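Engineer: Encoded as structure tokens, here's the structure I'll be asking about.
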Amino acid sequence: MQTIYAKLEKGMDSFIRVSNTLRRKEFEISGMNLQVIPSEPGKHEMQITLHGTNPMIANRAMRQLAKLIDVNSIQLIQEA
């Protein structure tokens, strides 16, 4: 499993945009988590857990997220 971290600018709107993009591109997602960032009002952090251990899958997902205008600070935080 691999976990990707991203900051979202518009909360639930961004979450829906991310989940729709990943679903459309047929990534195997085992979990998604959205939390408010207390120190930055209006911003949220999201963790996406992908099936598999192939780093190319996570890199492809991160490239797709980078295309979304209200998503930033994308990074791979865990590989298992």
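Chain lettering (A, B, ...) mirrors the order of the structure tokens, residue numbering begins at 1 for each chain separately, and ligand numbering begins at 1 in order of display.
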Name the residues of chain A that fall into helix (DSSP H, G or I) according to DSSP on the backbone, using the chain letters and numbers of this document, as a list in words.
Structural biologist: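 Secondary structure check on chain A, helix (DSSP H, G or I): Met12, Asp13, Ser14, Phe15, Ile16, Arg17, Val18, Ser19, Asn20, Thr21, Leu22, Arg23, Arg24, Pro55, Met56, Ile57, Ala58, Asn59, Arg60, Ala61, Met62, Arg63, Gln64, Leu65 and Ala66 of chain A.
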Engineer: Dump as a tab-separated table the rows for residues of region 40-69 of chain A within 10 Å of region 4-13 of chain A: closest atom pair and distance in Å with one decimal, only C-alpha atoms counted, ordered by chain and rising residue number.
Structural biologist:
```
residue	atom	partner	partner_atom	distance
A:Glu40	CA	A:Glu9	CA	9.9
A:Pro41	CA	A:Glu9	CA	9.7
A:Gly42	CA	A:Lys10	CA	6.7
A:Lys43	CA	A:Glu9	CA	5.0
A:His44	CA	A:Leu8	CA	5.1
A:Glu45	CA	A:Lys7	CA	4.5
A:Met46	CA	A:Ala6	CA	5.3
A:Gln47	CA	A:Tyr5	CA	4.7
A:Ile48	CA	A:Ile4	CA	5.1
A:Thr49	CA	A:Ile4	CA	6.5
A:Leu50	CA	A:Ile4	CA	8.0
A:Ala58	CA	A:Ile4	CA	7.4
A:Asn59	CA	A:Ile4	CA	9.4
A:Ala61	CA	A:Ile4	CA	8.6
A:Met62	CA	A:Ile4	CA	7.6
A:Leu65	CA	A:Ala6	CA	8.5
A:Ala66	CA	A:Ala6	CA	9.4
A:Leu68	CA	A:Leu8	CA	9.8
A:Ile69	CA	A:Glu9	CA	8.9
```
Engineer: In Å, rounded to a single decimal, give me how far CA of Arg60 (chain A) is from CA of Pro38 (chain A).
Structural biologist: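 Between CA of Pro38 (chain A) and CA of Arg60 (chain A) the gap is 29.7 Å.
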Engineer: Can you pull out every residue from chain A that DSSP, working from the backbone, puts in strand (DSSP E or B), and format the result as a ChimeraX atom specification?
Structural biologist: /A:2-8,29-36,44-50,71-79
Engineer: Which of these, A:Thr21, A:Gln2, A:Glu26, A:Ser14, has the shortest distance to Gln64 (chain A) once you count only C-alpha atoms?
Structural biologist: A:Thr21
Engineer: From the options A:Leu22, A:Leu34, A:Val71, A:Ile29, which residue's atoms come nearest to His51 (chain A), counting only C-alpha atoms?
Structural biologist: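 Looking only at the distances to His51 (chain A), the closest residue turns out to be A:Ile29.
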Engineer: Pick out the closest residue to Lys25 (chain A) from this set: A:Ile57, A:Ser39, A:Ile74, A:Gly52. Count only C-alpha atoms.
Structural biologist: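 With only C-alpha atoms as the atom set, the closest residue is A:Ile57.
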Engineer: Hey, can you check how far CA of Pro55 (chain A) sits from CA of Thr3 (chain A)?
Structural biologist: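 CA of Thr3 (chain A) lies at a distance of 10.8 Å from CA of Pro55 (chain A).
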